[in-house]
Structure formats: structure tokens, C-alpha cells
Amino acid sequence: MQYLAKIICLLSLVVYTPGAAALPGNGGWKAGVARIRITPDEPMWMGGYAARNRPAEGTGIELWAKALALEDATGKRVLLITTDLLGIPAALSSKIRGRIKALFGLERDAVMLNSSHTHSGPALARSLANANPVDPEVTQKINAYSERLVEMIVQVAGDALRSVAPARVYAGNGVTRFQVNRRNNNESQIGSVTDLAGPNDYAVPVILVENQQGKPMAIAFGYACHATVLSGYDWSGDYPGYAQLELEQMHPGATALFFQGAGGDQNPMPRHTVALARQYGRTLAAAVDRVLSDGLRELEPRIRTAYAEIGLELSAPPAREEVARIASESSGFMKRWAERLLSQLEAGDPVMDSYPYPLQAWKLGDQPVLALGGEVVVEYAIELKRLFGQDIFVLGYSNDVMGYIPSLRILREGGYEGAVSQMVYGLPGPWSWNVEAQIISKMEELAARAGILKVPKNK
């Protein structure tokens, strides 16, 4: 009887060992990953720099869309889709997520669509409306590619979902420091300064997915920094593309997926050479690899999600006389913005006073992931980490990129991110003064719905 009792005791210890719920075959994680090449096959206009005056001329490194499907112990599924693109606008994002829902049954709260914000990718339909030249041939090529892109992303999403198999999932945070706050530092003097001004967020969030044999199958990682090292005429994923290539060489068989953070006001500096893009990519990959070696914790196979779109308020556009003056005296994107808005005003058409802005919250095991649309400046990540802890993951450029999302401080200061950039994107005017309060308040609500707790206030 004593021998039998010992066996029962040992069996009970096996059953209740921490992490046993995550083991394959015990209702644990399932995961699938897939990729598809999205490099345009013909010369076409590039997205990101209004100063470009001709189509792309070659390929530095290929562009990819990648998908990571996760399924928890209850069968709940989510999709993280990453793209080597400037940013997917609402019209294309809605098509993609609508097709995914129709084909695979996933609602919007379960699909997170992120772009690396490379400025060496193709221009997309209804993105940066006033940056591209008004030319029927250019527009036709952009529209045709955008339609193909929808099909390719839906395809890679299905490939990832169909390939799910038992897995383990881990998360951790690293650090690297090549982002520079571009509003508070002079790029032309960057080589001589000894103290860079902030604010900044140097975190490197990492998700590792291992297969049943303990081999990495997917490495999802992020950083909050513009992908603007390169400014030429070759297709390239910029430093995020090089970081993904480096990680895949370091971990054969794994797919590396990069997601952009709240890097709206952060630039890599110095920049403008392929060698620097490769250096920053290797630097970022090294930070990720360090986390893979000693900075991970295993996540329980449990997913919670929440999603909402809020009417983010816009300030009133300038008076008609001022718009007419800009149209007559300006050039480039400002002239195109003014001419289009003037035409709208003279026709008596209603002018947009708010925008349907997407926010999303996931909780993967105990790992919070918060995603915001648009070119979010770094202060949003800082504030959200103050509320929910330094280990949360904050993504910008998610589900829709409709313009810069400035903080209240930047709105008051003005400048490109606060005022001018909205013209490039085709918005009628800057955001309202309560934009930051609207976003943070709604994200607090979504976090609560996803079971993400606030950090207790210091007494």
C-alpha cells in the first residue's frame, strides 16, 4: 500500500507541474506561421518620400507579408500579420479583415495587421493621398498592386491558420538604442553630440514560438523607430528587413516577423546608406537573440482580445481664403491638399470632423499586447507603460495608418507630426486637442475587457 501511495503521489506531482497545461496534447498552444513575397514585379511608385520623382529601379532585399496564427487551449485563435510596407490604409485593411472573417471566421479583435513602415516599399491606394503624383498611369499601377496585395495577405493568413500544430509560446523584452527622437535632436549634428534628447522607448518586445521538438518556428519582435535609413529607389525592408534576415540565419527554420512600435517621432540616426541599414538590423537582431537566450518566460495557452474604433476628433480646417492662398502659393503635397480641400469646400460637401480610429488589446497568457492605428508618437508607449507596466508590448501602425497621432505636447508645439503631416495623408486639418485623452481613455477600457490590469499606484 505504501508503494501504491508513492506512485499516486508522484502521478499527482506530474499532473500539477507548473507549465504542464502548455504541453502538446494537454490542451496547450497551437501555432502556425507562413510568409508570402510581396515585392512588386514591375517598376512602380514607392511610398514614403514626397521628394521621389520616379518609380523604383531595383530590389535591395525582398519584401514580405508574414502571418503568425496562435490557438489557445480553448480553441480561440488570433492572427498577427506583419508586412514590409509603409502602412496599410483603412480601405485595404477593411477588405483584408473582411475576407479573413468570411473565409476563416475571425473577427476584427482577433486579427492584428501591422506594417514595418519601410519607406522603400510600394505606394498603396488611398495611402498618403497627397504624396503621390496625379497621373493616371501611376494611379492605375498603384491600384492594381493594392488589389493583388489584399489577395496575397489573405492567402498568407489562410496558410498560417491551416498549418497550426502543437507549440510552446514565450515572451520577453529586450533593449537596443539606435532610435533617436527626431524632434529634439538635429540630424545634421548627430555625429558631434554627446547627449541625445528624448523622450524615447528602447524596448525590444519578443514572442518566441517553438514546435514540438523545441525548435524555434516563429520569432515575432518589434522596435519603435521609423524605417527610414534608406531613401533610394530600390525595394527594401530597411533595417527591419535586415533584422529579420539576420534572425532567420541565426535560427534556421524559423520565420522572423517584425512589428513596428510607437515610432512616429523616432528616426535611426545616422542614416542613408545600406551599410547603416544592415548595421541597425544586426543590432536589433542581436537584442532579440539575447532575449531568446535568457529573457523569456513561458505563456499559458490562454487568449483574450478586445477591439474598438473611436471617433477621433479633428480640428476645423482653415478658412476657405487660407486654403485658396495655400493652393496658389504652395507646391507638392501642400498644393494637392489645398486644391482638393478647396474643391470640397466650394462644392459644399461636408468636411470630415472625426476619424474612425482603431484600437486593439490582446492578452496572450499573461503578456499584454496593445495596438494603435496611425503613426503613433513614442509618448503613447510611455504613458501606456506607466499605466500597465514596463513589460507590455505597444504597437503602432496597426490596422489602419491614416496619419500621425501626436501627443498633446506635440500638438501644442506644432511642426510636422503635429500639424503639417495631416496634409500629406489628406486629412482636412490637425487633430483636436483631446486626441491623447480620447485614445488613452479608450485603451484603458479595452485593456480591462481583455483582462489587462493596471499597475497599482504608489501610495
# chains A, B, ... in the order shown; residues from 1 in each chain; ligands from 1
>>> residues_around(residues="segment 301-317 of chain A", least_positions_apart="2", cutoff="7 Å", atoms="only C-alpha atoms", output="short mmCIF file (atom, residue, chain, number, x, y, z; two decimals) with N, CA and C atoms, in the first residue's frame")
data_model
loop_
_atom_site.label_atom_id
_atom_site.label_comp_id
_atom_site.auth_asym_id
_atom_site.auth_seq_id
_atom_site.Cartn_x
_atom_site.Cartn_y
_atom_site.Cartn_z
N ALA A 22 0.65 23.71 -20.87
CA ALA A 22 1.14 24.17 -22.17
C ALA A 22 1.75 23.05 -23.00
N GLY A 28 -2.79 22.51 -24.98
CA GLY A 28 -1.87 23.64 -24.95
C GLY A 28 -1.99 24.50 -26.19
N TRP A 29 -0.93 25.27 -26.44
CA TRP A 29 -0.89 26.14 -27.62
C TRP A 29 -0.83 25.34 -28.91
N ASP A 72 -5.33 28.94 -28.55
CA ASP A 72 -5.14 28.61 -27.14
C ASP A 72 -5.81 27.29 -26.78
N ALA A 73 -5.82 26.96 -25.52
CA ALA A 73 -6.32 25.66 -25.07
C ALA A 73 -7.81 25.48 -25.30
N LYS A 76 -9.59 29.21 -29.14
CA LYS A 76 -9.64 30.60 -29.59
C LYS A 76 -8.39 30.91 -30.40
N ARG A 108 -12.59 41.08 -36.07
CA ARG A 108 -11.52 42.07 -36.09
C ARG A 108 -10.68 42.06 -34.82
N ASP A 109 -11.26 41.71 -33.70
CA ASP A 109 -10.49 41.69 -32.46
C ASP A 109 -9.41 40.62 -32.49
N ALA A 110 -9.54 39.64 -33.40
CA ALA A 110 -8.60 38.52 -33.46
C ALA A 110 -7.56 38.67 -34.56
N LEU A 299 4.32 31.31 -21.73
CA LEU A 299 2.97 31.82 -21.59
C LEU A 299 1.97 30.67 -21.51
N ALA A 319 -9.85 78.46 -42.87
CA ALA A 319 -10.88 79.16 -43.63
C ALA A 319 -10.62 79.01 -45.13
N ASP A 353 -15.03 65.65 -39.66
CA ASP A 353 -14.72 66.25 -38.35
C ASP A 353 -14.25 65.22 -37.34
N SER A 354 -14.22 63.94 -37.73
CA SER A 354 -13.67 62.88 -36.88
C SER A 354 -13.28 61.72 -37.77
N TYR A 355 -12.48 60.81 -37.19
CA TYR A 355 -11.98 59.67 -37.97
C TYR A 355 -12.17 58.40 -37.16
N PRO A 356 -12.63 57.31 -37.81
CA PRO A 356 -12.81 56.03 -37.09
C PRO A 356 -11.46 55.38 -36.79
N TYR A 357 -10.97 55.61 -35.60
CA TYR A 357 -9.60 55.24 -35.24
C TYR A 357 -9.58 53.90 -34.51
N PRO A 358 -8.76 52.93 -34.97
CA PRO A 358 -8.77 51.58 -34.40
C PRO A 358 -7.83 51.41 -33.21
N LEU A 359 -8.32 50.72 -32.20
CA LEU A 359 -7.53 50.34 -31.03
C LEU A 359 -7.78 48.86 -30.74
N GLN A 360 -6.78 48.18 -30.22
CA GLN A 360 -6.87 46.73 -30.03
C GLN A 360 -6.05 46.31 -28.82
N ALA A 361 -6.58 45.33 -28.09
CA ALA A 361 -5.86 44.79 -26.93
C ALA A 361 -5.92 43.27 -26.97
N TRP A 362 -4.75 42.65 -26.81
CA TRP A 362 -4.65 41.20 -26.65
C TRP A 362 -3.98 40.91 -25.31
N LYS A 363 -4.35 39.77 -24.75
CA LYS A 363 -3.61 39.21 -23.63
C LYS A 363 -3.30 37.77 -23.97
N LEU A 364 -2.03 37.50 -24.24
CA LEU A 364 -1.56 36.16 -24.57
C LEU A 364 -0.94 35.56 -23.31
N GLY A 365 -1.64 34.63 -22.69
CA GLY A 365 -1.20 34.21 -21.36
C GLY A 365 -1.24 35.41 -20.45
N PRO A 428 -8.40 66.87 -43.43
CA PRO A 428 -8.69 68.30 -43.65
C PRO A 428 -7.99 69.24 -42.69
N GLY A 429 -7.54 68.75 -41.55
CA GLY A 429 -6.87 69.60 -40.58
C GLY A 429 -6.22 68.77 -39.50
N PRO A 430 -5.58 69.42 -38.53
CA PRO A 430 -4.95 68.70 -37.42
C PRO A 430 -5.98 68.03 -36.52
N TRP A 431 -5.49 67.15 -35.65
CA TRP A 431 -6.36 66.52 -34.66
C TRP A 431 -6.77 67.53 -33.60
N SER A 432 -7.85 67.21 -32.93
CA SER A 432 -8.34 68.06 -31.84
C SER A 432 -7.42 67.96 -30.64
N VAL A 435 -7.15 64.60 -28.45
CA VAL A 435 -6.84 63.33 -29.12
C VAL A 435 -6.15 62.36 -28.17
N LEU A 446 -10.47 49.04 -23.19
CA LEU A 446 -10.19 47.79 -23.91
C LEU A 446 -9.29 46.87 -23.09
N ARG A 449 -11.29 45.03 -20.64
CA ARG A 449 -12.07 43.96 -21.28
C ARG A 449 -11.20 42.74 -21.60
N ALA A 450 -9.93 42.98 -21.87
CA ALA A 450 -9.01 41.88 -22.18
C ALA A 450 -8.34 41.30 -20.94
#
>>> residues_around(residues="Val323 of chain A", least_positions_apart="3", cutoff="10 Å", atoms="only C-alpha atoms", output="list in words")
Pro317, Pro318, Ala319, Arg320, Ile326, Ala327, Ser328, Met334, Lys335, Trp337, Ala338, Glu339, Arg340, Leu341, Leu342 and Leu345 of chain A
>>> select_by_dssp(residues="segment 61-234 of chain A", states="strand (DSSP E)", output="ChimeraX atom specification")
/A:64-71,77-83,111-115,121-122,165-175,179-181,203-210,216-223,234
>>> write_last_selection(atoms="C-alpha atoms", output="PDB file, in the first residue's frame")
ATOM      1  CA  TRP A  64       7.326  40.035 -47.295  1.00  0.00           C
ATOM      2  CA  ALA A  65       3.961  39.629 -45.653  1.00  0.00           C
ATOM      3  CA  LYS A  66       4.073  37.117 -42.815  1.00  0.00           C
ATOM      4  CA  ALA A  67       1.393  35.640 -40.578  1.00  0.00           C
ATOM      5  CA  LEU A  68       1.566  34.010 -37.156  1.00  0.00           C
ATOM      6  CA  ALA A  69      -1.541  32.109 -36.072  1.00  0.00           C
ATOM      7  CA  LEU A  70      -1.964  31.247 -32.394  1.00  0.00           C
ATOM      8  CA  GLU A  71      -4.640  28.992 -30.884  1.00  0.00           C
ATOM      9  CA  ARG A  77      -7.470  31.829 -32.462  1.00  0.00           C
ATOM     10  CA  VAL A  78      -5.690  35.074 -33.317  1.00  0.00           C
ATOM     11  CA  LEU A  79      -3.602  36.222 -36.281  1.00  0.00           C
ATOM     12  CA  LEU A  80      -0.632  38.565 -36.182  1.00  0.00           C
ATOM     13  CA  ILE A  81       0.088  39.727 -39.726  1.00  0.00           C
ATOM     14  CA  THR A  82       3.246  41.755 -40.395  1.00  0.00           C
ATOM     15  CA  THR A  83       4.123  43.487 -43.657  1.00  0.00           C
ATOM     16  CA  VAL A 111      -6.640  39.992 -36.392  1.00  0.00           C
ATOM     17  CA  MET A 112      -3.737  42.387 -35.807  1.00  0.00           C
ATOM     18  CA  LEU A 113      -2.406  43.864 -39.053  1.00  0.00           C
ATOM     19  CA  ASN A 114       0.904  45.707 -38.618  1.00  0.00           C
ATOM     20  CA  SER A 115       3.298  47.429 -41.042  1.00  0.00           C
ATOM     21  CA  GLY A 121       8.139  49.739 -50.302  1.00  0.00           C
ATOM     22  CA  PRO A 122       5.358  50.342 -52.836  1.00  0.00           C
ATOM     23  CA  ALA A 165       0.292  22.426 -34.757  1.00  0.00           C
ATOM     24  CA  PRO A 166       1.128  21.933 -31.067  1.00  0.00           C
ATOM     25  CA  ALA A 167       3.624  24.508 -29.836  1.00  0.00           C
ATOM     26  CA  ARG A 168       5.008  26.428 -26.879  1.00  0.00           C
ATOM     27  CA  VAL A 169       4.853  30.220 -26.693  1.00  0.00           C
ATOM     28  CA  TYR A 170       7.197  32.547 -24.790  1.00  0.00           C
ATOM     29  CA  ALA A 171       7.550  36.316 -24.362  1.00  0.00           C
ATOM     30  CA  GLY A 172      10.170  38.750 -23.127  1.00  0.00           C
ATOM     31  CA  ASN A 173      11.557  42.274 -23.510  1.00  0.00           C
ATOM     32  CA  GLY A 174      14.993  43.344 -24.640  1.00  0.00           C
ATOM     33  CA  VAL A 175      16.637  46.696 -25.315  1.00  0.00           C
ATOM     34  CA  GLN A 179      16.382  55.217 -32.246  1.00  0.00           C
ATOM     35  CA  VAL A 180      16.729  58.998 -31.911  1.00  0.00           C
ATOM     36  CA  ASN A 181      13.936  61.458 -31.146  1.00  0.00           C
ATOM     37  CA  ALA A 203      12.265  48.284 -25.666  1.00  0.00           C
ATOM     38  CA  VAL A 204      12.546  45.260 -27.962  1.00  0.00           C
ATOM     39  CA  PRO A 205       9.439  43.093 -27.394  1.00  0.00           C
ATOM     40  CA  VAL A 206       9.825  39.437 -28.392  1.00  0.00           C
ATOM     41  CA  ILE A 207       7.480  36.474 -28.860  1.00  0.00           C
ATOM     42  CA  LEU A 208       9.049  33.068 -29.468  1.00  0.00           C
ATOM     43  CA  VAL A 209       7.070  30.091 -30.768  1.00  0.00           C
ATOM     44  CA  GLU A 210       8.679  26.649 -30.560  1.00  0.00           C
ATOM     45  CA  PRO A 216      12.053  27.965 -32.995  1.00  0.00           C
ATOM     46  CA  MET A 217       9.349  28.164 -35.670  1.00  0.00           C
ATOM     47  CA  ALA A 218       8.450  31.847 -35.302  1.00  0.00           C
ATOM     48  CA  ILE A 219      10.202  34.851 -33.761  1.00  0.00           C
ATOM     49  CA  ALA A 220       7.982  37.952 -33.630  1.00  0.00           C
ATOM     50  CA  PHE A 221       9.729  41.089 -32.441  1.00  0.00           C
ATOM     51  CA  GLY A 222       9.370  44.853 -32.535  1.00  0.00           C
ATOM     52  CA  TYR A 223      11.005  48.226 -32.140  1.00  0.00           C
ATOM     53  CA  ASP A 234      15.459  50.001 -54.552  1.00  0.00           C
TER      54      ASP A 234
END
>>> closest_residue(among="A:Val394, A:Val154, A:Leu411, A:Ile190", to="Gly263 of chain A", atoms="only C-alpha atoms")
A:Val394
>>> closest_atom_pairs(of="segment 119-229 of chain A", to="segment 236-242 of chain A", cutoff="8 Å", atoms="only C-alpha atoms", output="CSV")
residue,atom,partner,partner_atom,distance
A:His119,CA,A:Asp238,CA,7.7
A:Ser120,CA,A:Ser236,CA,5.2
A:Gly121,CA,A:Ser236,CA,6.4
A:Ala227,CA,A:Asp238,CA,5.8
A:Thr228,CA,A:Asp238,CA,7.0
A:Val229,CA,A:Asp238,CA,6.4
